[in-house]
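Coordinates from protein28.json are shown below (JSON, C-alpha atoms).
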[["chain", "number", "residue", "atom", "x", "y", "z"],
["W", 62, "MET", "CA", 7.74, 3.98, -3.27],
["W", 63, "ILE", "CA", 4.10, 3.39, -2.43],
["W", 64, "ALA", "CA", 2.10, 4.87, 0.45],
["W", 65, "GLY", "CA", -1.50, 4.18, 1.37],
["W", 66, "THR", "CA", -3.89, 2.92, 4.02],
["W", 67, "LEU", "CA", -3.73, -0.79, 4.80],
["W", 68, "LEU", "CA", -7.06, -2.34, 3.75],
["W", 69, "GLY", "CA", -6.28, -6.02, 4.04],
["W", 70, "ARG", "CA", -3.81, -8.89, 4.07],
["W", 71, "ALA", "CA", -3.96, -12.27, 2.38],
["W", 72, "PRO", "CA", -1.61, -15.27, 2.54],
["W", 73, "ARG", "CA", 1.41, -15.22, 0.24],
["W", 74, "THR", "CA", 0.37, -18.70, -0.94],
["W", 75, "LEU", "CA", -2.25, -17.08, -3.19],
["W", 76, "SER", "CA", -1.21, -16.76, -6.81],
["W", 77, "SER", "CA", -1.14, -13.27, -8.28],
["W", 78, "HIS", "CA", -4.42, -14.01, -10.07],
["W", 79, "HIS", "CA", -6.13, -15.22, -6.88],
["W", 80, "ALA", "CA", -4.74, -12.29, -4.88],
["W", 81, "ARG", "CA", -6.29, -9.83, -7.35],
["W", 82, "ALA", "CA", -9.62, -11.70, -7.17],
["W", 83, "TRP", "CA", -9.45, -11.57, -3.36],
["W", 84, "ALA", "CA", -8.70, -7.82, -3.41],
["W", 85, "THR", "CA", -11.49, -7.12, -5.90],
["W", 86, "SER", "CA", -14.03, -8.97, -3.75],
["W", 87, "LEU", "CA", -12.82, -7.18, -0.61],
["W", 88, "LEU", "CA", -13.19, -3.73, -2.19],
["W", 89, "GLN", "CA", -16.77, -4.36, -3.35],
["W", 90, "THR", "CA", -16.70, -1.60, -5.95],
["W", 91, "ARG", "CA", -16.36, -1.44, -9.73],
["W", 92, "LEU", "CA", -12.70, -1.34, -10.69],
["W", 93, "LEU", "CA", -10.74, -0.79, -13.84],
["W", 94, "PRO", "CA", -8.54, -3.75, -14.81],
["W", 95, "TRP", "CA", -5.52, -4.34, -12.60],
["W", 96, "LYS", "CA", -2.21, -3.18, -14.16],
["W", 97, "GLU", "CA", 1.17, -4.54, -13.16],
["W", 98, "ILE", "CA", 3.52, -2.15, -11.38],
["W", 99, "GLU", "CA", 7.00, -2.99, -10.22],
["W", 100, "GLU", "CA", 7.94, -6.68, -9.75],
["W", 101, "ASP", "CA", 4.82, -8.52, -8.55],
["W", 102, "GLY", "CA", 2.77, -5.45, -7.63],
["W", 103, "TRP", "CA", -0.57, -4.40, -9.10],
["W", 104, "HIS", "CA", -2.50, -1.15, -9.30],
["W", 105, "THR", "CA", -6.10, -0.24, -10.11],
["W", 106, "THR", "CA", -8.58, 2.58, -9.66],
["W", 107, "SER", "CA", -12.28, 2.69, -9.07],
["W", 108, "ASN", "CA", -14.42, 2.85, -12.19],
["W", 109, "LEU", "CA", -14.87, 6.60, -11.68],
["W", 110, "LEU", "CA", -11.10, 7.12, -11.19],
["W", 111, "ILE", "CA", -11.67, 8.41, -7.66],
["W", 112, "GLN", "CA", -10.08, 5.76, -5.47],
["W", 113, "GLN", "CA", -6.69, 4.15, -6.10],
["W", 114, "TYR", "CA", -5.57, 0.75, -4.87],
["W", 115, "ALA", "CA", -2.29, -1.19, -4.85],
["W", 116, "LEU", "CA", -1.71, -4.87, -4.20],
["W", 117, "PHE", "CA", 1.75, -6.27, -3.64],
["W", 118, "PRO", "CA", 3.50, -9.20, -1.99],
["W", 119, "ASP", "CA", 5.41, -8.79, 1.24],
["W", 120, "ARG", "CA", 5.15, -11.49, 3.90],
["W", 121, "GLY", "CA", 1.67, -12.00, 2.45],
["W", 122, "TRP", "CA", -0.36, -10.00, -0.06],
["W", 123, "ILE", "CA", -0.93, -6.41, 1.08],
["W", 124, "LEU", "CA", -3.85, -4.29, -0.20],
["W", 125, "LEU", "CA", -3.51, -0.52, 0.12],
["W", 126, "GLY", "CA", -6.11, 2.17, -0.53],
["W", 127, "GLY", "CA", -5.58, 5.85, -1.31],
["W", 128, "VAL", "CA", -2.32, 5.06, -3.02],
["W", 129, "VAL", "CA", 0.43, 7.57, -3.68],
["W", 130, "ARG", "CA", 3.31, 6.36, -5.84],
["W", 131, "ALA", "CA", 6.67, 7.82, -6.72],
["W", 132, "PRO", "CA", 9.81, 6.36, -8.26],
["W", 133, "ARG", "CA", 12.30, 5.47, -5.56],
["W", 134, "PRO", "CA", 15.48, 7.53, -5.88],
["W", 135, "ARG", "CA", 18.65, 5.42, -5.89],
["W", 136, "ALA", "CA", 20.02, 7.10, -2.77],
["W", 137, "ALA", "CA", 16.75, 7.05, -0.81],
["W", 138, "THR", "CA", 17.33, 6.41, 2.86],
["W", 139, "ASP", "CA", 14.71, 5.14, 5.29],
["W", 140, "ALA", "CA", 14.44, 8.64, 6.77],
["W", 141, "TYR", "CA", 13.82, 10.12, 3.30],
["W", 142, "MET", "CA", 11.14, 7.51, 2.50],
["W", 143, "LEU", "CA", 9.34, 7.97, 5.82],
["W", 144, "ALA", "CA", 9.33, 11.76, 5.49],
["W", 145, "TRP", "CA", 7.96, 11.39, 1.94],
["W", 146, "ALA", "CA", 5.23, 9.01, 3.14],
["W", 147, "GLU", "CA", 4.14, 11.37, 5.95],
["W", 148, "GLU", "CA", 3.85, 14.23, 3.47],
["W", 149, "ALA", "CA", 2.13, 12.08, 0.83],
["W", 150, "LEU", "CA", -0.44, 10.77, 3.31],
["W", 151, "GLY", "CA", -1.06, 14.25, 4.74],
["W", 152, "LEU", "CA", -0.73, 13.13, 8.35],
["W", 153, "ALA", "CA", -1.33, 15.91, 10.88],
["W", 154, "ASP", "CA", 0.70, 14.19, 13.60],
["W", 155, "PRO", "CA", 3.84, 12.24, 12.83],
["W", 156, "PRO", "CA", 3.31, 8.51, 13.42],
["W", 157, "ALA", "CA", 5.60, 5.97, 14.99],
["W", 158, "TRP", "CA", 7.03, 3.93, 12.10],
["W", 159, "LEU", "CA", 7.29, 0.16, 12.48],
["W", 160, "PRO", "CA", 9.28, -1.99, 10.04],
["W", 161, "GLY", "CA", 7.49, -4.68, 8.06],
["W", 162, "PRO", "CA", 7.84, -8.23, 9.35],
["W", 163, "GLU", "CA", 10.17, -9.65, 6.67],
["W", 164, "HIS", "CA", 10.67, -6.99, 4.04],
["W", 165, "ASP", "CA", 13.38, -4.42, 4.61],
["W", 166, "ASP", "CA", 11.63, -1.81, 2.46],
["W", 167, "THR", "CA", 8.18, -1.93, 4.10],
["W", 168, "TRP", "CA", 7.15, 0.34, 6.97],
["W", 169, "TYR", "CA", 3.84, 0.71, 8.83],
["W", 170, "ALA", "CA", 2.65, 3.88, 10.54],
["W", 171, "ALA", "CA", 1.39, 3.36, 14.07],
["W", 172, "LEU", "CA", -0.99, 6.28, 14.51],
["W", 173, "PRO", "CA", -1.57, 7.75, 17.97],
["W", 174, "ASP", "CA", -4.69, 6.36, 19.64],
["W", 175, "LYS", "CA", -7.04, 9.35, 19.85],
["W", 176, "LYS", "CA", -9.84, 8.67, 22.30],
["W", 177, "PRO", "CA", -12.51, 11.31, 23.02]]

What is this file in structure tokens?
Amino acid sequence: MIAGTLLGRAPRTLSSHHARAWATSLLQTRLLPWKEIEEDGWHTTSNLLIQQYALFPDRGWILLGGVVRAPRPRAATDAYMLAWAEEALGLADPPAWLPGPEHDDTWYAALPDKKP
């Protein structure tokens, strides 16, 4: 299970190598080498080990920042995963969760629009 802030999307037609190059250029910071996590996913940190990033394929390539990872329990339900993500992200107000476009295991938090 991976939770983080969506930083960007790229077409799924990019190879893994090109997707990592795209993500690196988008982040514009010094990164440690990308390491493979889970199937086609990748993980890296900033050179100072402060920021974490994950890149993985869904409908397209998804780049997340401020990554929190945990092994997915076999019996994890959607409710369990969403509660874990809220806690991991430290959200003050619970978001509305929207399913990913084509991937059953991807959810997006729709945060309340807070206008002054």

> Do you know which residues are at most 8 Å from region 71-82 of chain W counting only C-alpha atoms, after dropping those on the same chain fewer than 5 positions away, and could you put them as a ChimeraX atom specification?
Replying inline: /W:95,101,116,118-123

> To one decimal place, how far is CA of Thr85 (chain W) from CA of Ile98 (chain W) in Å?
Replying inline: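 Distance between the two atoms: 16.7 Å.
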
> Hey, which of W:Ile63, W:Leu92, W:Val128, W:Asp139 ends up closest to Pro160 (chain W)? Count all atoms listed in the file.
Replying inline: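 Nearest candidate to Pro160 (chain W) out of W:Ile63, W:Leu92, W:Val128, W:Asp139: W:Asp139.
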
> Between W:Trp83, W:Tyr141, W:Trp103, W:Trp168, which is the closest to Pro156 (chain W) once you count all atoms listed in the file?
Replying inline: W:Trp168

>> From the options W:Met142, W:Ala171, W:Asp166, W:Ser86, which residue's atoms come nearest to Asp154 (chain W), counting only C-alpha atoms?
In response: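 Nearest candidate to Asp154 (chain W) out of W:Met142, W:Ala171, W:Asp166, W:Ser86: W:Ala171.
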
> What gap, in Å, lies between CA of Ala140 (chain W) and CA of Gln112 (chain W)?
Replying inline: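 CA of Gln112 (chain W) lies at a distance of 27.6 Å from CA of Ala140 (chain W).
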
> Hey, which of W:Gly65, W:Pro132, W:Gly102, W:Pro94 ends up closest to Ala170 (chain W)? Count all atoms listed in the file.
Replying inline: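 Checking each candidate against Ala170 (chain W), we get W:Gly65 as the closest.
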
> When you draw a straight line from CA of Gly126 (chain W) to CA of Thr105 (chain W), how long is it in Å?
Replying inline: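 A separation of 9.9 Å between them.
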
>> Just checking: using only C-alpha atoms, which residue out of W:Tyr169, W:Met62, W:Leu68, W:Leu159 ends up closest to Gly127 (chain W)?
In response: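 Looking at the shortest contact to Gly127 (chain W), the residue is W:Leu68.
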